[in-house]
Amino acid sequence: MNNKHTFIFSGRSGCGKGTQRKLLYEYFSKQYPNEKIFQYYTGDGFRKLLEGDGYTNELVREVMEVGGLQPNFLAVYLWSTAFTENLEGDEHIITDGFPRALVEAQSLDSAMKFYKRHKPHFIVINVSKEESHKRLLARKRDDDTEDSIKRRVNWYDTQVLPAVNFYRDNPDYNFIEVDGEQPIEDVHAEIISKLKLD
Amino acid sequence: MRQHSLIFLGPSGSGKGTQIKLVKEYLREKTPDIDVAYMYTGDMLREMWSHEKYTNILSKNINLEGGLQPGFIPVMLWSKFFIENLLGNEHIIFDGTPRRINDAELLESAFVFYNRVKPTLVFVDCPLDVVKQRIIERATRPEDRKESTVDSRLQWYVDYVIPTIDFYRNKDMYNFVEINGNQEREKVFAEIKQKVFNDYD
């Protein structure tokens with residue numbers, strides 16, 4: 001069994017998981033300066049897909065323009081390709097952006113077992129539906145509309161939550177929930193204390 | 001003729017490889033201006049095992065030990081194939097994939113994304129005792145002729161592939177076509193032409 005850590009970040013849009021992923025990465029690199037860490041965020045992969053000029057890239061752009069959801073297979077393609085190209089077996093892993101649905105969670109589970117990752121930490125940063133909505137409106141980007149934001153907020157309940165529940169009470173994972181409606185440093189501190197790494 | 005999306009599933013020894021070859025020839029003849037994108041994960045796995053990266057070696061070792069590949073690997077392979085090859089105007093043939101329900105569900109997200117209308121599941125059915133006999137007869141290596149090896153391959157089919165085939169049954173978004181593989185190959189092909197392409201020549 002691989003004794004390296006795996007951290008999977010999850011939570012509603014706007015919960016601050018990207019920030020927390022980076023903070024954990026910094027913390028971990030300071031604590032264990034000689035250990036390798038592989039960090040992956042599917043958002044970066046989707047951004048790259050948006051730029052290409054192939055048929056698939058064109059369709060990815062169309063989905064984005066109408067504020068739709070990118071298909072599950074593309075999320076799996078992105079992380080599985082990143083794993084295959086980068087993993088060497090002796091690194092810690094920190095991820096964010098997936099799984100976004102139960103089918104993606106099941107697929108990721110097959111990878112965790114394949115790589116013999118011991119008890120990956122699944123970290124959910126909890127914010128209420130209203131708070132998520134508020135934060136998304138506050139940071140509204142050009143391509144966001146009220147409608148597309150509402151869809152993203154609702155999508156968590158119908159799609160992502162079944163994935164989160166896959167990890168809850170799952171003996172193969174260390175499931176952790178923290179309060180995302182407190183200052184950034186306090187969220188980070190709660191994560192560190194609940195991870196009990198030492 | 002519209003662009004077809006065909007998934008061929010059935011036990012090894014059902015003759016689906018031969019039938020796929022005939023279908024490819026048939027499509028090239030009937031629709032010479034439409035390409036056929038042919039997806040066979042077996043070939044892609046072998047290509048993957050020829051590289052020496054960590055993931056590739058782990059996957060290769062599973063194969064050498066006769067184990068099961070993890071679910072995400074076939075998905076990664078066909079997704080990569082789609083992203084690198086699809087232009088949107090071709091027929092698609094899937095050979096022997098998906099072999100798990102999770103894989104079928106992810107493939108469904110791809111069919112929706114690529115606007116593939118009514119993909120067809122071609123189930124080439126054949127009694128297991130018949131395919132068992134065929135597998136043993138065509139084996140070139142003595143170890144492939146061993147009854148326990150053949151049985152474990154067929155057990156995988158029963159445990160995983162049959163539930164996957166059932167996933168496609170009675171679902172509105174697919175055509176589900178059942179073909180009797182336990183007859184001469186010409187008759188099998190005639191049945192495919194009728195049921196898949198409505199061709200009664």
# chains A, B, ... in the order shown; residues from 1 in each chain; ligands from 1
>>> residues_around(residues="B:Asn182", least_positions_apart="6", cutoff="10 Å", atoms="only C-alpha atoms", output="number ranges by chain")
B: 14-15, 124-127, 130-131, 188
>>> interface_residues(of="chain A", to="chain B", cutoff="9 Å", atoms="only C-alpha atoms", output="short mmCIF file (atom, residue, chain, number, x, y, z; two decimals) with N, CA and C atoms, in the first residue's frame")
data_model
loop_
_atom_site.label_atom_id
_atom_site.label_comp_id
_atom_site.auth_asym_id
_atom_site.auth_seq_id
_atom_site.Cartn_x
_atom_site.Cartn_y
_atom_site.Cartn_z
N GLY A 54 -9.87 21.94 -32.39
CA GLY A 54 -10.48 20.72 -32.90
C GLY A 54 -12.00 20.72 -32.72
N TYR A 55 -12.63 19.66 -33.19
CA TYR A 55 -14.08 19.52 -33.10
C TYR A 55 -14.53 19.48 -31.64
N THR A 56 -13.82 18.67 -30.82
CA THR A 56 -14.17 18.56 -29.41
C THR A 56 -14.05 19.93 -28.73
N ASN A 57 -12.97 20.65 -29.03
CA ASN A 57 -12.76 21.97 -28.42
C ASN A 57 -13.91 22.93 -28.75
N LEU A 59 -16.99 22.07 -29.39
CA LEU A 59 -18.17 21.69 -28.61
C LEU A 59 -18.03 22.12 -27.15
N VAL A 60 -16.80 22.04 -26.61
CA VAL A 60 -16.56 22.47 -25.22
C VAL A 60 -16.87 23.96 -25.11
N VAL A 63 -20.68 24.52 -25.07
CA VAL A 63 -21.26 24.22 -23.75
C VAL A 63 -21.01 25.38 -22.81
N GLN A 70 -19.99 20.77 -18.52
CA GLN A 70 -19.13 19.96 -19.37
C GLN A 70 -19.39 18.48 -19.06
N PRO A 71 -19.31 17.63 -20.08
CA PRO A 71 -19.68 16.21 -19.88
C PRO A 71 -18.74 15.47 -18.93
N ASN A 72 -19.29 14.47 -18.25
CA ASN A 72 -18.53 13.70 -17.27
C ASN A 72 -17.27 13.05 -17.86
N PHE A 73 -17.38 12.55 -19.10
CA PHE A 73 -16.22 11.83 -19.63
C PHE A 73 -15.02 12.75 -19.81
N LEU A 74 -15.26 14.03 -20.05
CA LEU A 74 -14.12 14.95 -20.23
C LEU A 74 -13.39 15.20 -18.91
N VAL A 76 -13.17 12.99 -16.50
CA VAL A 76 -12.39 11.77 -16.28
C VAL A 76 -11.16 11.76 -17.20
N TYR A 77 -11.36 12.15 -18.43
CA TYR A 77 -10.23 12.22 -19.38
C TYR A 77 -9.12 13.13 -18.83
N LEU A 78 -9.52 14.29 -18.29
CA LEU A 78 -8.52 15.26 -17.83
C LEU A 78 -7.70 14.74 -16.66
N SER A 80 -7.44 11.62 -15.56
CA SER A 80 -6.75 10.35 -15.82
C SER A 80 -5.51 10.57 -16.68
N THR A 81 -5.60 11.50 -17.63
CA THR A 81 -4.44 11.81 -18.45
C THR A 81 -3.36 12.49 -17.60
N PHE A 83 -2.89 12.13 -14.40
CA PHE A 83 -2.29 11.09 -13.55
C PHE A 83 -1.29 10.26 -14.35
N THR A 84 -1.72 9.82 -15.53
CA THR A 84 -0.87 8.94 -16.33
C THR A 84 0.43 9.64 -16.74
N GLU A 85 0.31 10.91 -17.06
CA GLU A 85 1.51 11.62 -17.52
C GLU A 85 2.45 12.02 -16.39
N ASN A 86 1.90 12.20 -15.19
CA ASN A 86 2.73 12.78 -14.13
C ASN A 86 3.07 11.89 -12.95
N LEU A 87 2.21 10.94 -12.60
CA LEU A 87 2.45 10.20 -11.37
C LEU A 87 3.64 9.25 -11.49
N GLU A 88 4.41 9.21 -10.41
CA GLU A 88 5.53 8.27 -10.34
C GLU A 88 5.41 7.35 -9.14
N GLY A 89 4.38 7.55 -8.34
CA GLY A 89 4.11 6.64 -7.23
C GLY A 89 4.67 7.08 -5.90
N VAL A 103 -20.88 9.13 -11.18
CA VAL A 103 -20.12 8.34 -12.16
C VAL A 103 -18.64 8.70 -12.15
N GLU A 104 -18.36 9.99 -11.93
CA GLU A 104 -16.95 10.41 -11.87
C GLU A 104 -16.29 9.89 -10.59
N GLN A 106 -17.05 7.13 -9.00
CA GLN A 106 -16.80 5.70 -9.16
C GLN A 106 -15.55 5.45 -10.01
N SER A 107 -15.40 6.29 -11.01
CA SER A 107 -14.24 6.15 -11.89
C SER A 107 -12.95 6.50 -11.13
N LEU A 108 -13.01 7.60 -10.37
CA LEU A 108 -11.85 8.01 -9.58
C LEU A 108 -11.50 6.96 -8.53
N ASP A 109 -12.53 6.32 -7.99
CA ASP A 109 -12.32 5.27 -7.01
C ASP A 109 -11.50 4.12 -7.62
N SER A 110 -11.79 3.81 -8.89
CA SER A 110 -11.02 2.73 -9.55
C SER A 110 -9.56 3.14 -9.68
N ALA A 111 -9.31 4.44 -9.86
CA ALA A 111 -7.92 4.91 -9.96
C ALA A 111 -7.23 4.87 -8.60
N LYS A 113 -7.74 2.86 -6.21
CA LYS A 113 -7.41 1.47 -5.88
C LYS A 113 -6.26 0.97 -6.75
N PHE A 114 -6.31 1.35 -8.01
CA PHE A 114 -5.25 0.96 -8.96
C PHE A 114 -3.89 1.47 -8.49
N TYR A 115 -3.84 2.72 -8.02
CA TYR A 115 -2.58 3.31 -7.56
C TYR A 115 -2.29 2.97 -6.10
#
>>> atom_distance(atom1="atom CA of A:Leu23", atom2="atom CA of A:Thr158")
28.9 Å
>>> select_by_dssp(residues="chain B", states="strand (DSSP E or B)", output="list in words")
Ser5, Leu6, Ile7, Phe8, Leu9, Val36, Ala37, Tyr38, Met39, Tyr40, His91, Ile92, Ile93, Phe94, Asp95, Thr120, Leu121, Val122, Phe123, Val124, Asp125, Asn175, Phe176, Val177, Glu178, Ile179 and Asn180 of chain B
>>> write_last_selection(atoms="C-alpha atoms", output="mmCIF file, in the first residue's frame")
data_model
loop_
_atom_site.group_PDB
_atom_site.id
_atom_site.type_symbol
_atom_site.label_atom_id
_atom_site.label_comp_id
_atom_site.auth_asym_id
_atom_site.auth_seq_id
_atom_site.Cartn_x
_atom_site.Cartn_y
_atom_site.Cartn_z
ATOM 1 C CA SER B 5 -22.792 4.903 -33.738
ATOM 2 C CA LEU B 6 -22.448 1.166 -33.217
ATOM 3 C CA ILE B 7 -21.386 -0.648 -30.075
ATOM 4 C CA PHE B 8 -20.685 -4.363 -30.475
ATOM 5 C CA LEU B 9 -20.861 -6.479 -27.348
ATOM 6 C CA VAL B 36 -15.433 5.006 -39.994
ATOM 7 C CA ALA B 37 -13.861 5.729 -36.608
ATOM 8 C CA TYR B 38 -13.065 2.321 -35.157
ATOM 9 C CA MET B 39 -12.447 2.077 -31.425
ATOM 10 C CA TYR B 40 -10.893 -1.085 -30.081
ATOM 11 C CA HIS B 91 -19.548 6.543 -38.279
ATOM 12 C CA ILE B 92 -18.316 5.258 -34.939
ATOM 13 C CA ILE B 93 -17.764 1.575 -34.142
ATOM 14 C CA PHE B 94 -16.988 0.443 -30.603
ATOM 15 C CA ASP B 95 -15.532 -3.042 -30.381
ATOM 16 C CA THR B 120 -27.080 1.167 -31.602
ATOM 17 C CA LEU B 121 -26.039 -1.584 -29.241
ATOM 18 C CA VAL B 122 -25.421 -4.704 -31.314
ATOM 19 C CA PHE B 123 -25.526 -7.648 -28.949
ATOM 20 C CA VAL B 124 -24.026 -10.685 -30.679
ATOM 21 C CA ASP B 125 -25.390 -13.434 -28.493
ATOM 22 C CA ASN B 175 -31.392 1.133 -30.488
ATOM 23 C CA PHE B 176 -30.990 -2.280 -28.959
ATOM 24 C CA VAL B 177 -30.417 -5.050 -31.485
ATOM 25 C CA GLU B 178 -29.969 -8.689 -30.572
ATOM 26 C CA ILE B 179 -28.222 -10.929 -33.094
ATOM 27 C CA ASN B 180 -28.001 -14.703 -33.027
#
>>> closest_residue(among="A:Asp142, A:His121, A:Arg61, A:Arg12", to="A:Leu197", atoms="only C-alpha atoms")
A:His121
>>> residues_around(residues="B:Leu154", least_positions_apart="3", cutoff="8 Å", atoms="only C-alpha atoms", output="PyMOL selection string")
chain B and resi 11-12+128+150-151+157-158
>>> atom_distance(atom1="atom CA of A:Lys129", atom2="atom CA of A:Tyr173")
25.3 Å
>>> residues_around(residues="B:Arg153", least_positions_apart="6", cutoff="12 Å", atoms="only C-alpha atoms", output="mmCIF file with N, CA and C atoms, in the first residue's frame")
data_model
loop_
_atom_site.group_PDB
_atom_site.id
_atom_site.type_symbol
_atom_site.label_atom_id
_atom_site.label_comp_id
_atom_site.auth_asym_id
_atom_site.auth_seq_id
_atom_site.Cartn_x
_atom_site.Cartn_y
_atom_site.Cartn_z
ATOM 1 N N PRO B 11 -19.945 -12.254 -25.934
ATOM 2 C CA PRO B 11 -18.828 -12.990 -25.340
ATOM 3 C C PRO B 11 -17.695 -13.180 -26.347
ATOM 4 N N SER B 12 -16.458 -13.384 -25.862
ATOM 5 C CA SER B 12 -15.401 -13.730 -26.802
ATOM 6 C C SER B 12 -15.795 -15.057 -27.437
ATOM 7 N N GLY B 13 -15.496 -15.185 -28.716
ATOM 8 C CA GLY B 13 -15.900 -16.384 -29.428
ATOM 9 C C GLY B 13 -17.278 -16.259 -30.059
ATOM 10 N N GLY B 66 -3.107 -11.541 -15.254
ATOM 11 C CA GLY B 66 -4.465 -11.957 -15.598
ATOM 12 C C GLY B 66 -5.540 -11.221 -14.805
ATOM 13 N N GLY B 67 -5.195 -10.050 -14.267
ATOM 14 C CA GLY B 67 -6.162 -9.285 -13.475
ATOM 15 C C GLY B 67 -7.034 -8.388 -14.331
ATOM 16 N N LEU B 68 -7.894 -7.622 -13.661
ATOM 17 C CA LEU B 68 -8.819 -6.729 -14.368
ATOM 18 C C LEU B 68 -8.261 -5.318 -14.395
ATOM 19 N N LEU B 128 -22.976 -19.912 -24.016
ATOM 20 C CA LEU B 128 -21.628 -19.958 -23.457
ATOM 21 C C LEU B 128 -20.898 -21.274 -23.729
ATOM 22 N N VAL B 131 -19.434 -20.875 -27.285
ATOM 23 C CA VAL B 131 -18.256 -20.000 -27.380
ATOM 24 C C VAL B 131 -17.057 -20.632 -26.669
ATOM 25 N N LYS B 132 -17.323 -21.361 -25.608
ATOM 26 C CA LYS B 132 -16.238 -22.018 -24.878
ATOM 27 C C LYS B 132 -15.496 -22.989 -25.812
ATOM 28 N N ILE B 135 -13.499 -20.964 -28.378
ATOM 29 C CA ILE B 135 -12.285 -20.345 -27.822
ATOM 30 C C ILE B 135 -11.186 -21.393 -27.712
ATOM 31 N N ILE B 136 -11.552 -22.593 -27.253
ATOM 32 C CA ILE B 136 -10.557 -23.657 -27.084
ATOM 33 C C ILE B 136 -9.999 -24.095 -28.444
ATOM 34 N N ASP B 144 -3.920 -20.908 -23.289
ATOM 35 C CA ASP B 144 -5.226 -20.335 -23.607
ATOM 36 C C ASP B 144 -6.301 -21.402 -23.762
ATOM 37 N N ARG B 145 -5.829 -22.647 -23.877
ATOM 38 C CA ARG B 145 -6.771 -23.741 -24.081
ATOM 39 C C ARG B 145 -7.261 -24.308 -22.743
ATOM 40 N N LYS B 146 -6.578 -23.898 -21.675
ATOM 41 C CA LYS B 146 -6.926 -24.418 -20.348
ATOM 42 C C LYS B 146 -8.350 -24.021 -19.977
ATOM 43 N N GLU B 147 -9.091 -24.999 -19.511
ATOM 44 C CA GLU B 147 -10.486 -24.751 -19.219
ATOM 45 C C GLU B 147 -10.683 -23.664 -18.159
ATOM 46 N N ASP B 159 -20.326 -11.568 -15.225
ATOM 47 C CA ASP B 159 -20.421 -10.670 -14.069
ATOM 48 C C ASP B 159 -20.520 -9.195 -14.466
ATOM 49 N N TYR B 160 -19.810 -8.792 -15.500
ATOM 50 C CA TYR B 160 -19.730 -7.365 -15.814
ATOM 51 C C TYR B 160 -20.377 -6.976 -17.137
ATOM 52 N N VAL B 161 -20.126 -7.778 -18.185
ATOM 53 C CA VAL B 161 -20.578 -7.351 -19.508
ATOM 54 C C VAL B 161 -22.088 -7.541 -19.666
#
>>> closest_residue(among="A:Leu137, A:Ile123, A:Glu181, A:Pro33", to="A:Arg21", atoms="only C-alpha atoms")
A:Ile123
>>> select_by_dssp(residues="stretch 54-148 of chain B", states="helix (DSSP H, G or I)", output="VMD selection string")
chain B and resid 54 to 64 72 to 85 101 to 113 128 to 138 142 to 145 147 to 148
>>> residues_around(residues="A:Ile93", least_positions_apart="3", cutoff="12 Å", atoms="only C-alpha atoms", output="MDAnalysis selection string")
chainID A and resid 2:9 21 24:25 28:29 35:41 79 82:83 86:90 96 112 115 117:118 120:122
>>> write_last_selection(atoms="N, CA and C atoms", output="short mmCIF file (atom, residue, chain, number, x, y, z; two decimals), in the first residue's frame")
data_model
loop_
_atom_site.label_atom_id
_atom_site.label_comp_id
_atom_site.auth_asym_id
_atom_site.auth_seq_id
_atom_site.Cartn_x
_atom_site.Cartn_y
_atom_site.Cartn_z
N ASN A 2 0.49 2.21 -0.79
CA ASN A 2 1.22 3.47 -0.89
C ASN A 2 0.95 4.31 0.38
N ASN A 3 2.02 4.79 1.03
CA ASN A 3 1.81 5.55 2.27
C ASN A 3 1.76 7.06 2.06
N LYS A 4 1.71 7.50 0.81
CA LYS A 4 1.63 8.94 0.54
C LYS A 4 0.18 9.42 0.68
N HIS A 5 0.04 10.69 0.99
CA HIS A 5 -1.29 11.26 1.19
C HIS A 5 -1.97 11.64 -0.12
N THR A 6 -3.29 11.53 -0.12
CA THR A 6 -4.09 12.02 -1.23
C THR A 6 -5.16 12.93 -0.64
N PHE A 7 -5.27 14.15 -1.15
CA PHE A 7 -6.28 15.09 -0.67
C PHE A 7 -7.20 15.46 -1.82
N ILE A 8 -8.48 15.20 -1.67
CA ILE A 8 -9.45 15.55 -2.71
C ILE A 8 -10.36 16.65 -2.14
N PHE A 9 -10.32 17.82 -2.75
CA PHE A 9 -11.14 18.95 -2.27
C PHE A 9 -12.48 18.98 -2.97
N ARG A 21 -6.99 24.60 -1.37
CA ARG A 21 -6.06 23.64 -2.00
C ARG A 21 -4.66 24.25 -2.02
N LEU A 24 -3.14 24.46 1.48
CA LEU A 24 -2.69 23.15 1.95
C LEU A 24 -1.38 22.78 1.26
N TYR A 25 -1.30 23.10 -0.01
CA TYR A 25 -0.09 22.81 -0.77
C TYR A 25 1.11 23.53 -0.14
N PHE A 28 1.96 22.04 3.26
CA PHE A 28 2.56 20.72 3.11
C PHE A 28 4.01 20.81 2.62
N SER A 29 4.24 21.73 1.66
CA SER A 29 5.61 21.87 1.13
C SER A 29 6.55 22.38 2.22
N GLU A 35 9.44 16.17 0.23
CA GLU A 35 8.46 15.26 -0.37
C GLU A 35 7.88 15.85 -1.65
N LYS A 36 7.59 14.98 -2.57
CA LYS A 36 7.00 15.45 -3.83
C LYS A 36 5.48 15.58 -3.69
N ILE A 37 4.94 16.63 -4.28
CA ILE A 37 3.48 16.81 -4.26
C ILE A 37 3.01 17.05 -5.69
N PHE A 38 2.00 16.30 -6.09
CA PHE A 38 1.40 16.55 -7.40
C PHE A 38 0.04 17.21 -7.17
N GLN A 39 -0.12 18.38 -7.76
CA GLN A 39 -1.34 19.14 -7.58
C GLN A 39 -2.09 19.18 -8.91
N TYR A 40 -3.38 18.88 -8.87
CA TYR A 40 -4.13 18.96 -10.13
C TYR A 40 -5.52 19.53 -9.94
N TYR A 41 -5.85 20.44 -10.82
CA TYR A 41 -7.15 21.11 -10.80
C TYR A 41 -7.75 20.97 -12.20
N TRP A 79 -8.38 14.26 -15.61
CA TRP A 79 -7.56 13.81 -14.47
C TRP A 79 -6.82 12.52 -14.77
N ALA A 82 -3.79 13.40 -16.73
CA ALA A 82 -2.82 14.08 -15.86
C ALA A 82 -2.12 13.07 -14.94
N PHE A 83 -2.89 12.13 -14.40
CA PHE A 83 -2.29 11.09 -13.55
C PHE A 83 -1.29 10.26 -14.35
N ASN A 86 1.90 12.20 -15.19
CA ASN A 86 2.73 12.78 -14.13
C ASN A 86 3.07 11.89 -12.95
N LEU A 87 2.21 10.94 -12.60
CA LEU A 87 2.45 10.20 -11.37
C LEU A 87 3.64 9.25 -11.49
N GLU A 88 4.41 9.21 -10.41
CA GLU A 88 5.53 8.27 -10.34
C GLU A 88 5.41 7.35 -9.14
N GLY A 89 4.38 7.55 -8.34
CA GLY A 89 4.11 6.64 -7.23
C GLY A 89 4.67 7.08 -5.90
N ASP A 90 5.60 8.05 -5.92
CA ASP A 90 6.22 8.46 -4.66
C ASP A 90 5.80 9.87 -4.25
N ASP A 96 -8.58 19.10 -6.98
CA ASP A 96 -9.73 19.99 -6.83
C ASP A 96 -10.45 20.04 -8.17
N MET A 112 -7.94 5.28 -7.55
CA MET A 112 -7.35 5.27 -6.20
C MET A 112 -6.93 3.85 -5.81
N TYR A 115 -3.84 2.72 -8.02
CA TYR A 115 -2.58 3.31 -7.56
C TYR A 115 -2.29 2.97 -6.10
N ARG A 117 -3.63 3.96 -3.39
CA ARG A 117 -3.57 5.13 -2.52
C ARG A 117 -4.26 4.78 -1.21
N HIS A 118 -3.56 4.93 -0.11
CA HIS A 118 -4.10 4.56 1.19
C HIS A 118 -5.03 5.63 1.74
N PRO A 120 -7.48 7.93 0.98
CA PRO A 120 -7.45 9.33 0.54
C PRO A 120 -8.34 10.20 1.44
N HIS A 121 -7.92 11.44 1.67
CA HIS A 121 -8.71 12.39 2.45
C HIS A 121 -9.68 13.09 1.52
N PHE A 122 -10.95 13.01 1.82
CA PHE A 122 -11.94 13.73 1.01
C PHE A 122 -12.42 14.90 1.85
#
>>> residues_around(residues="A:Glu185", least_positions_apart="5", cutoff="10 Å", atoms="only C-alpha atoms", output="VMD selection string")
chain A and resid 20 23 190 to 191
>>> atom_distance(atom1="atom CA of A:Arg139", atom2="atom CA of A:Ala105")
28.2 Å
>>> closest_residue(among="B:Ile20, B:Ile34, B:Met173, B:Ala139", to="B:Arg2", atoms="only C-alpha atoms")
B:Ile34
